[in-house]
$ cat coords-v6.pdb   # PDB, C-alpha atoms, pLDDT in the B column
ATOM      1  CA  VAL A   1     176.602 -17.558 105.744  1.00 92.00           C
ATOM      2  CA  CYS A   2     174.419 -18.205 108.808  1.00 95.00           C
ATOM      3  CA  ARG A   3     173.173 -21.465 107.302  1.00 95.00           C
ATOM      4  CA  SER A   4     176.674 -22.559 106.378  1.00 94.00           C
ATOM      5  CA  ILE A   5     178.103 -21.948 109.840  1.00 96.00           C
ATOM      6  CA  VAL A   6     175.271 -23.898 111.462  1.00 97.00           C
ATOM      7  CA  PHE A   7     175.489 -26.794 109.028  1.00 96.00           C
ATOM      8  CA  LEU A   8     179.271 -27.088 109.143  1.00 95.00           C
ATOM      9  CA  GLY A   9     179.238 -26.706 112.928  1.00 96.00           C
ATOM     10  CA  LEU A  10     176.742 -29.545 113.251  1.00 97.00           C
ATOM     11  CA  SER A  11     178.577 -31.653 110.668  1.00 95.00           C
ATOM     12  CA  THR A  12     181.823 -31.217 112.535  1.00 94.00           C
ATOM     13  CA  PHE A  13     180.613 -31.950 116.045  1.00 96.00           C
ATOM     14  CA  VAL A  14     177.279 -33.788 115.986  1.00 96.00           C
ATOM     15  CA  ALA A  15     178.819 -37.279 116.027  1.00 96.00           C
ATOM     16  CA  LEU A  16     180.931 -36.535 119.099  1.00 96.00           C
ATOM     17  CA  TYR A  17     178.147 -34.595 120.756  1.00 96.00           C
ATOM     18  CA  VAL A  18     175.515 -37.304 120.288  1.00 96.00           C
ATOM     19  CA  ARG A  19     177.919 -39.946 121.594  1.00 94.00           C
ATOM     20  CA  GLU A  20     178.409 -37.776 124.664  1.00 92.00           C
ATOM     21  CA  ARG A  21     174.691 -36.985 125.126  1.00 90.00           C
ATOM     22  CA  THR A  22     173.387 -40.515 124.606  1.00 91.00           C
ATOM     23  CA  GLY A  23     176.247 -42.421 126.200  1.00 89.00           C
ATOM     24  CA  GLY A  24     176.462 -44.430 122.999  1.00 90.00           C
ATOM     25  CA  GLY A  25     179.581 -45.501 121.205  1.00 91.00           C
ATOM     26  CA  GLU A  26     180.786 -44.896 117.699  1.00 94.00           C
ATOM     27  CA  ALA A  27     177.562 -46.272 116.252  1.00 95.00           C
ATOM     28  CA  ALA A  28     175.570 -43.533 118.015  1.00 96.00           C
ATOM     29  CA  GLY A  29     177.738 -40.833 116.466  1.00 96.00           C
ATOM     30  CA  THR A  30     177.688 -42.451 113.046  1.00 96.00           C
ATOM     31  CA  ALA A  31     173.897 -42.697 113.212  1.00 97.00           C
ATOM     32  CA  ALA A  32     173.685 -38.993 114.043  1.00 97.00           C
ATOM     33  CA  LEU A  33     175.782 -38.108 110.991  1.00 96.00           C
ATOM     34  CA  PHE A  34     173.644 -40.377 108.839  1.00 97.00           C
ATOM     35  CA  VAL A  35     170.491 -38.657 110.095  1.00 97.00           C
ATOM     36  CA  LEU A  36     172.062 -35.237 109.461  1.00 97.00           C
ATOM     37  CA  TYR A  37     172.878 -36.017 105.831  1.00 96.00           C
ATOM     38  CA  ALA A  38     169.716 -38.031 105.141  1.00 96.00           C
ATOM     39  CA  GLY A  39     167.652 -35.131 106.434  1.00 92.00           C
ATOM     40  CA  GLY A  40     169.533 -32.940 103.999  1.00 90.00           C
ATOM     41  CA  ALA A  41     168.552 -35.114 101.062  1.00 91.00           C
ATOM     42  CA  VAL A  42     164.910 -35.085 102.106  1.00 93.00           C
ATOM     43  CA  GLY A  43     164.999 -31.351 102.836  1.00 92.00           C
ATOM     44  CA  THR A  44     166.333 -30.526  99.378  1.00 91.00           C
ATOM     45  CA  VAL A  45     163.495 -32.378  97.644  1.00 92.00           C
ATOM     46  CA  VAL A  46     160.840 -31.008  99.975  1.00 95.00           C
ATOM     47  CA  GLY A  47     162.191 -27.456  99.617  1.00 94.00           C
ATOM     48  CA  ALA A  48     161.477 -27.340  95.902  1.00 92.00           C
ATOM     49  CA  ARG A  49     157.917 -28.570  96.377  1.00 95.00           C
ATOM     50  CA  LEU A  50     157.225 -26.124  99.196  1.00 97.00           C
ATOM     51  CA  ALA A  51     158.689 -23.218  97.217  1.00 96.00           C
ATOM     52  CA  GLU A  52     156.398 -23.950  94.280  1.00 96.00           C
ATOM     53  CA  ARG A  53     153.413 -23.784  96.580  1.00 97.00           C
ATOM     54  CA  TYR A  54     154.305 -20.992  99.043  1.00 97.00           C
ATOM     55  CA  GLY A  55     157.124 -18.993  97.436  1.00 96.00           C
ATOM     56  CA  ARG A  56     160.841 -19.218  97.969  1.00 97.00           C
ATOM     57  CA  LEU A  57     161.293 -16.484 100.556  1.00 97.00           C
ATOM     58  CA  THR A  58     158.395 -17.693 102.687  1.00 96.00           C
ATOM     59  CA  VAL A  59     159.868 -21.198 102.698  1.00 97.00           C
ATOM     60  CA  VAL A  60     163.383 -19.978 103.502  1.00 97.00           C
ATOM     61  CA  ARG A  61     162.164 -17.815 106.385  1.00 97.00           C
ATOM     62  CA  ARG A  62     160.009 -20.561 107.884  1.00 97.00           C
ATOM     63  CA  SER A  63     162.767 -23.135 107.460  1.00 97.00           C
ATOM     64  CA  TYR A  64     165.155 -20.972 109.444  1.00 97.00           C
ATOM     65  CA  ALA A  65     162.539 -20.423 112.135  1.00 97.00           C
ATOM     66  CA  LEU A  66     162.157 -24.208 112.399  1.00 96.00           C
ATOM     67  CA  THR A  67     165.927 -24.547 112.502  1.00 98.00           C
ATOM     68  CA  VAL A  68     166.191 -22.310 115.585  1.00 98.00           C
ATOM     69  CA  PHE A  69     163.879 -24.692 117.449  1.00 98.00           C
ATOM     70  CA  ALA A  70     165.594 -27.804 116.060  1.00 98.00           C
ATOM     71  CA  VAL A  71     169.159 -26.744 116.858  1.00 98.00           C
ATOM     72  CA  ALA A  72     168.047 -25.733 120.354  1.00 98.00           C
ATOM     73  CA  GLY A  73     166.665 -29.261 120.714  1.00 97.00           C
ATOM     74  CA  VAL A  74     169.972 -30.749 119.599  1.00 97.00           C
ATOM     75  CA  VAL A  75     171.771 -28.696 122.230  1.00 97.00           C
ATOM     76  CA  VAL A  76     169.441 -29.232 125.202  1.00 96.00           C
ATOM     77  CA  VAL A  77     167.435 -32.443 124.738  1.00 93.00           C
ATOM     78  CA  PRO A  78     169.111 -35.477 126.293  1.00 87.00           C
ATOM     79  CA  GLY A  79     169.003 -39.077 125.151  1.00 91.00           C
ATOM     80  CA  PRO A  80     167.823 -40.613 121.901  1.00 93.00           C
ATOM     81  CA  ALA A  81     165.340 -37.800 121.190  1.00 95.00           C
ATOM     82  CA  VAL A  82     168.360 -35.844 119.963  1.00 96.00           C
ATOM     83  CA  TYR A  83     168.151 -37.802 116.690  1.00 96.00           C
ATOM     84  CA  GLY A  84     164.756 -36.294 115.922  1.00 96.00           C
ATOM     85  CA  PHE A  85     166.129 -32.809 116.473  1.00 97.00           C
ATOM     86  CA  VAL A  86     169.147 -33.569 114.295  1.00 97.00           C
ATOM     87  CA  ALA A  87     166.742 -34.622 111.516  1.00 96.00           C
ATOM     88  CA  LEU A  88     164.651 -31.460 111.940  1.00 96.00           C
ATOM     89  CA  ALA A  89     167.743 -29.258 111.975  1.00 97.00           C
ATOM     90  CA  SER A  90     169.038 -30.926 108.846  1.00 97.00           C
ATOM     91  CA  ALA A  91     165.757 -30.527 106.997  1.00 95.00           C
ATOM     92  CA  GLY A  92     165.492 -26.922 108.170  1.00 96.00           C
ATOM     93  CA  LEU A  93     168.960 -26.193 106.840  1.00 96.00           C
ATOM     94  CA  TYR A  94     168.552 -28.028 103.542  1.00 95.00           C
ATOM     95  CA  VAL A  95     165.026 -26.990 102.562  1.00 96.00           C
ATOM     96  CA  PRO A  96     166.343 -23.494 101.691  1.00 95.00           C
ATOM     97  CA  PHE A  97     169.717 -24.539 100.256  1.00 92.00           C
ATOM     98  CA  ALA A  98     168.765 -24.782  96.572  1.00 91.00           C
ATOM     99  CA  LEU A  99     166.380 -21.863  97.031  1.00 93.00           C
ATOM    100  CA  HIS A 100     169.314 -19.642  98.030  1.00 91.00           C
ATOM    101  CA  ILE A 101     171.021 -20.451  94.764  1.00 90.00           C
ATOM    102  CA  THR A 102     167.999 -19.699  92.587  1.00 92.00           C
ATOM    103  CA  LEU A 103     167.220 -16.542  94.551  1.00 93.00           C
ATOM    104  CA  GLY A 104     170.801 -15.345  94.098  1.00 91.00           C
ATOM    105  CA  GLN A 105     170.620 -16.005  90.378  1.00 91.00           C
ATOM    106  CA  ASP A 106     167.307 -14.164  90.100  1.00 93.00           C
ATOM    107  CA  TYR A 107     168.621 -11.180  92.090  1.00 93.00           C
ATOM    108  CA  LEU A 108     171.621 -11.006  89.718  1.00 92.00           C
ATOM    109  CA  PRO A 109     170.132 -12.142  86.396  1.00 92.00           C
ATOM    110  CA  GLY A 110     173.035 -10.848  84.325  1.00 93.00           C
ATOM    111  CA  ARG A 111     175.606 -12.475  86.585  1.00 92.00           C
ATOM    112  CA  VAL A 112     174.393 -15.985  87.341  1.00 89.00           C
ATOM    113  CA  GLY A 113     177.976 -17.234  87.664  1.00 89.00           C
ATOM    114  CA  THR A 114     178.781 -14.622  90.286  1.00 91.00           C
ATOM    115  CA  ALA A 115     175.522 -15.389  92.076  1.00 90.00           C
ATOM    116  CA  GLY A 116     176.357 -19.102  92.149  1.00 85.00           C
ATOM    117  CA  GLY A 117     179.895 -18.407  93.327  1.00 87.00           C
ATOM    118  CA  VAL A 118     178.663 -16.250  96.191  1.00 88.00           C
ATOM    119  CA  THR A 119     175.785 -18.513  97.271  1.00 86.00           C
ATOM    120  CA  LEU A 120     177.862 -21.678  97.084  1.00 84.00           C
ATOM    121  CA  GLY A 121     181.566 -20.868  97.217  1.00 88.00           C
ATOM    122  CA  LEU A 122     181.811 -17.841  99.445  1.00 90.00           C
ATOM    123  CA  THR A 123     179.179 -18.823 101.976  1.00 89.00           C
ATOM    124  CA  VAL A 124     180.440 -22.383 102.384  1.00 88.00           C
ATOM    125  CA  SER A 125     183.985 -21.045 102.770  1.00 91.00           C
ATOM    126  CA  VAL A 126     182.920 -18.662 105.525  1.00 91.00           C
ATOM    127  CA  GLY A 127     181.166 -21.536 107.286  1.00 89.00           C
ATOM    128  CA  GLY A 128     184.357 -23.557 107.025  1.00 91.00           C
ATOM    129  CA  LEU A 129     186.341 -20.704 108.552  1.00 94.00           C
ATOM    130  CA  ALA A 130     183.985 -20.684 111.541  1.00 95.00           C
ATOM    131  CA  ALA A 131     184.526 -24.399 112.305  1.00 93.00           C
ATOM    132  CA  PRO A 132     187.970 -23.914 113.924  1.00 95.00           C
ATOM    133  CA  VAL A 133     186.540 -21.134 116.075  1.00 96.00           C
ATOM    134  CA  LEU A 134     183.810 -23.492 117.268  1.00 96.00           C
ATOM    135  CA  GLY A 135     186.466 -26.155 117.823  1.00 96.00           C
ATOM    136  CA  ALA A 136     188.520 -23.797 119.993  1.00 97.00           C
ATOM    137  CA  LEU A 137     185.374 -22.993 121.972  1.00 97.00           C
ATOM    138  CA  ALA A 138     184.708 -26.728 122.422  1.00 96.00           C
ATOM    139  CA  ASP A 139     188.275 -27.270 123.605  1.00 97.00           C
ATOM    140  CA  ALA A 140     188.081 -24.361 126.034  1.00 98.00           C
ATOM    141  CA  ALA A 141     184.616 -25.173 127.408  1.00 97.00           C
ATOM    142  CA  SER A 142     182.587 -28.084 126.024  1.00 96.00           C
ATOM    143  CA  LEU A 143     180.856 -29.331 122.899  1.00 95.00           C
ATOM    144  CA  ARG A 144     177.570 -28.057 124.253  1.00 95.00           C
ATOM    145  CA  VAL A 145     178.965 -24.556 124.724  1.00 97.00           C
ATOM    146  CA  ALA A 146     180.403 -24.660 121.200  1.00 97.00           C
ATOM    147  CA  LEU A 147     177.075 -25.711 119.679  1.00 97.00           C
ATOM    148  CA  ALA A 148     174.975 -23.199 121.641  1.00 97.00           C
ATOM    149  CA  PRO A 149     175.770 -20.207 119.366  1.00 96.00           C
ATOM    150  CA  LEU A 150     174.431 -22.219 116.432  1.00 97.00           C
ATOM    151  CA  VAL A 151     170.928 -21.788 117.861  1.00 97.00           C
ATOM    152  CA  VAL A 152     171.035 -18.028 117.252  1.00 97.00           C
ATOM    153  CA  LEU A 153     172.362 -17.981 113.690  1.00 97.00           C
ATOM    154  CA  PRO A 154     169.182 -19.164 111.923  1.00 97.00           C
ATOM    155  CA  ALA A 155     167.299 -16.399 113.764  1.00 97.00           C
ATOM    156  CA  VAL A 156     169.854 -13.903 112.440  1.00 97.00           C
ATOM    157  CA  GLY A 157     169.187 -15.339 108.989  1.00 95.00           C
ATOM    158  CA  VAL A 158     165.446 -14.740 109.391  1.00 95.00           C
ATOM    159  CA  LEU A 159     166.101 -11.130 110.399  1.00 96.00           C
ATOM    160  CA  LEU A 160     168.414 -10.567 107.428  1.00 94.00           C
ATOM    161  CA  LEU A 161     165.793 -11.987 105.067  1.00 94.00           C
ATOM    162  CA  ARG A 162     163.073  -9.586 106.262  1.00 93.00           C
ATOM    163  CA  GLY A 163     164.112  -6.870 103.855  1.00 90.00           C
ATOM    164  CA  LEU A 164     164.140  -9.070 100.780  1.00 93.00           C
ATOM    165  CA  ALA A 165     161.312  -9.286  98.294  1.00 94.00           C
ATOM    166  CA  GLU A 166     160.716 -12.083  95.835  1.00 90.00           C
ATOM    167  CA  PRO A 167     162.691 -11.110  92.710  1.00 91.00           C
TER     168      PRO A 167
END
$ encode --input "coords-v6.pdb" --output "C-alpha cells"
Amino acid sequence: VCRSIVFLGLSTFVALYVRERTGGGEAAGTAALFVLYAGGAVGTVVGARLAERYGRLTVVRRSYALTVFAVAGVVVVPGPAVYGFVALASAGLYVPFALHITLGQDYLPGRVGTAGGVTLGLTVSVGGLAAPVLGALADAASLRVALAPLVVLPAVGVLLLRGLAEP
C-alpha cells in the first residue's frame, strides 16, 4: 500500500511538478513521466537479479530506504537534477514490485490467487484512492506540499517489513 500510494502520487503529479520546478514546458513534464516509467522497467529487471543474490526481503527493505532519499530529492532539489531523483525513485519503487507478488504467494502457498489479488489488486486500488486526497492537498496548498508526505511512506514500508522473515 505504501509503495502504491507513492507511485501513483508521483505518476499523477510528477509531470506538473517538474514543469513547475524546472520552468520547462510540456516537454519537461513529459520527460519526467518517461523517466518515471523507464526507471520502472529497469527496476523490475534489476530487482529479480538483486533478489537472487541478496534475498527478496533484503532487496525490498533497501529499495524502500533508497526511495525515501529519492522522493525527498524529487520534492526539494530544484532544476534539472530532479530527473535523476525521479529515476532513483522509480527504480526504488519498482525493484520490489515483482518481489512483493512472489513473497505474497510464498506466504500464502495454498492461496496464490488471493495473494496475487491482494498484492496487485487491493494495494493498487488503495493507492488510487489516495490520489484524490493528494490532489485536494495540492489544490489547497501546492504540489510540493502534496508530494511531501510521499517521502515518509517508504520509511513506513521499511518499518512494516521489519517483522517479516523470508518464507
$ resolve_selection --input "coords-v6.pdb" --expression "the PyMOL selection byres ((chain A and resi 150) around 12)" --output "PDB file with C-alpha atoms, in the coordinates of the input"
ATOM      1  CA  VAL A   1     176.602 -17.558 105.744  1.00 92.00           C
ATOM      2  CA  CYS A   2     174.419 -18.205 108.808  1.00 95.00           C
ATOM      3  CA  ARG A   3     173.173 -21.465 107.302  1.00 95.00           C
ATOM      4  CA  SER A   4     176.674 -22.559 106.378  1.00 94.00           C
ATOM      5  CA  ILE A   5     178.103 -21.948 109.840  1.00 96.00           C
ATOM      6  CA  VAL A   6     175.271 -23.898 111.462  1.00 97.00           C
ATOM      7  CA  PHE A   7     175.489 -26.794 109.028  1.00 96.00           C
ATOM      8  CA  LEU A   8     179.271 -27.088 109.143  1.00 95.00           C
ATOM      9  CA  GLY A   9     179.238 -26.706 112.928  1.00 96.00           C
ATOM     10  CA  LEU A  10     176.742 -29.545 113.251  1.00 97.00           C
ATOM     11  CA  SER A  11     178.577 -31.653 110.668  1.00 95.00           C
ATOM     12  CA  PHE A  13     180.613 -31.950 116.045  1.00 96.00           C
ATOM     13  CA  VAL A  14     177.279 -33.788 115.986  1.00 96.00           C
ATOM     14  CA  TYR A  64     165.155 -20.972 109.444  1.00 97.00           C
ATOM     15  CA  THR A  67     165.927 -24.547 112.502  1.00 98.00           C
ATOM     16  CA  VAL A  68     166.191 -22.310 115.585  1.00 98.00           C
ATOM     17  CA  PHE A  69     163.879 -24.692 117.449  1.00 98.00           C
ATOM     18  CA  ALA A  70     165.594 -27.804 116.060  1.00 98.00           C
ATOM     19  CA  VAL A  71     169.159 -26.744 116.858  1.00 98.00           C
ATOM     20  CA  ALA A  72     168.047 -25.733 120.354  1.00 98.00           C
ATOM     21  CA  GLY A  73     166.665 -29.261 120.714  1.00 97.00           C
ATOM     22  CA  VAL A  74     169.972 -30.749 119.599  1.00 97.00           C
ATOM     23  CA  VAL A  75     171.771 -28.696 122.230  1.00 97.00           C
ATOM     24  CA  ALA A  89     167.743 -29.258 111.975  1.00 97.00           C
ATOM     25  CA  LEU A  93     168.960 -26.193 106.840  1.00 96.00           C
ATOM     26  CA  GLY A 127     181.166 -21.536 107.286  1.00 89.00           C
ATOM     27  CA  ALA A 130     183.985 -20.684 111.541  1.00 95.00           C
ATOM     28  CA  ALA A 131     184.526 -24.399 112.305  1.00 93.00           C
ATOM     29  CA  LEU A 134     183.810 -23.492 117.268  1.00 96.00           C
ATOM     30  CA  LEU A 143     180.856 -29.331 122.899  1.00 95.00           C
ATOM     31  CA  ARG A 144     177.570 -28.057 124.253  1.00 95.00           C
ATOM     32  CA  VAL A 145     178.965 -24.556 124.724  1.00 97.00           C
ATOM     33  CA  ALA A 146     180.403 -24.660 121.200  1.00 97.00           C
ATOM     34  CA  LEU A 147     177.075 -25.711 119.679  1.00 97.00           C
ATOM     35  CA  ALA A 148     174.975 -23.199 121.641  1.00 97.00           C
ATOM     36  CA  PRO A 149     175.770 -20.207 119.366  1.00 96.00           C
ATOM     37  CA  VAL A 151     170.928 -21.788 117.861  1.00 97.00           C
ATOM     38  CA  VAL A 152     171.035 -18.028 117.252  1.00 97.00           C
ATOM     39  CA  LEU A 153     172.362 -17.981 113.690  1.00 97.00           C
ATOM     40  CA  PRO A 154     169.182 -19.164 111.923  1.00 97.00           C
ATOM     41  CA  ALA A 155     167.299 -16.399 113.764  1.00 97.00           C
ATOM     42  CA  VAL A 156     169.854 -13.903 112.440  1.00 97.00           C
ATOM     43  CA  GLY A 157     169.187 -15.339 108.989  1.00 95.00           C
TER      44      GLY A 157
END
$ atom_distance --input "coords-v6.pdb" --atom1 "CA of Ala65 (chain A)" --atom2 "CA of Gly128 (chain A)"
22.6 Å
$ axis_aligned_box --input "coords-v6.pdb" --around "region 124-134 of chain A" --padding-each-side "4 Å" --output "AutoDock Vina command-line options"
--center_x 184.2 --center_y -21.5 --center_z 109.8 --size_x 15.5 --size_y 13.7 --size_z 22.9
$ residues_around --input "coords-v6.pdb" --residues "Phe34 (chain A)" --least-positions-apart "3" --cutoff "10 Å" --atoms "only C-alpha atoms" --output "JSON, numbers by chain"
{"A": [15, 28, 29, 30, 31, 37, 38, 39, 40, 83, 86, 87]}
$ atom_distance --input "coords-v6.pdb" --atom1 "CA of Gly104 (chain A)" --atom2 "CA of Thr119 (chain A)"
6.7 Å
$ decode --input "coords-v6.pdb" --residues "region 29-66 of chain A" --atoms "C-alpha atoms" --output "PDB file, in the first residue's frame"
ATOM      1  CA  GLY A  29       6.795  17.179 -17.797  1.00  0.00           C
ATOM      2  CA  THR A  30       6.612  14.521 -20.485  1.00  0.00           C
ATOM      3  CA  ALA A  31      10.304  13.758 -19.989  1.00  0.00           C
ATOM      4  CA  ALA A  32       9.726  13.342 -16.255  1.00  0.00           C
ATOM      5  CA  LEU A  33       6.942  10.824 -16.887  1.00  0.00           C
ATOM      6  CA  PHE A  34       9.142   8.981 -19.359  1.00  0.00           C
ATOM      7  CA  VAL A  35      11.937   8.789 -16.785  1.00  0.00           C
ATOM      8  CA  LEU A  36       9.464   7.581 -14.141  1.00  0.00           C
ATOM      9  CA  TYR A  37       8.208   4.703 -16.282  1.00  0.00           C
ATOM     10  CA  ALA A  38      11.590   3.856 -17.826  1.00  0.00           C
ATOM     11  CA  GLY A  39      13.059   3.624 -14.343  1.00  0.00           C
ATOM     12  CA  GLY A  40      10.266   1.219 -13.518  1.00  0.00           C
ATOM     13  CA  ALA A  41      11.197  -1.070 -16.384  1.00  0.00           C
ATOM     14  CA  VAL A  42      14.843  -1.072 -15.352  1.00  0.00           C
ATOM     15  CA  GLY A  43      13.952  -1.512 -11.678  1.00  0.00           C
ATOM     16  CA  THR A  44      11.831  -4.583 -12.375  1.00  0.00           C
ATOM     17  CA  VAL A  45      14.670  -6.351 -14.194  1.00  0.00           C
ATOM     18  CA  VAL A  46      17.280  -5.323 -11.648  1.00  0.00           C
ATOM     19  CA  GLY A  47      15.035  -6.375  -8.746  1.00  0.00           C
ATOM     20  CA  ALA A  48      14.989 -10.001  -9.829  1.00  0.00           C
ATOM     21  CA  ARG A  49      18.769 -10.121 -10.169  1.00  0.00           C
ATOM     22  CA  LEU A  50      19.336  -8.459  -6.804  1.00  0.00           C
ATOM     23  CA  ALA A  51      16.843 -10.772  -5.089  1.00  0.00           C
ATOM     24  CA  GLU A  52      18.654 -13.839  -6.399  1.00  0.00           C
ATOM     25  CA  ARG A  53      21.876 -12.560  -4.913  1.00  0.00           C
ATOM     26  CA  TYR A  54      20.784 -10.916  -1.632  1.00  0.00           C
ATOM     27  CA  GLY A  55      17.303 -12.260  -0.856  1.00  0.00           C
ATOM     28  CA  ARG A  56      13.931 -10.733  -1.522  1.00  0.00           C
ATOM     29  CA  LEU A  57      13.295  -9.074   1.825  1.00  0.00           C
ATOM     30  CA  THR A  58      16.750  -7.509   1.974  1.00  0.00           C
ATOM     31  CA  VAL A  59      16.237  -6.053  -1.501  1.00  0.00           C
ATOM     32  CA  VAL A  60      12.742  -4.769  -0.709  1.00  0.00           C
ATOM     33  CA  ARG A  61      13.892  -3.100   2.511  1.00  0.00           C
ATOM     34  CA  ARG A  62      16.911  -1.456   0.894  1.00  0.00           C
ATOM     35  CA  SER A  63      14.863  -0.345  -2.103  1.00  0.00           C
ATOM     36  CA  TYR A  64      12.421   1.441   0.169  1.00  0.00           C
ATOM     37  CA  ALA A  65      15.268   3.058   2.082  1.00  0.00           C
ATOM     38  CA  LEU A  66      16.635   4.349  -1.236  1.00  0.00           C
TER      39      LEU A  66
END
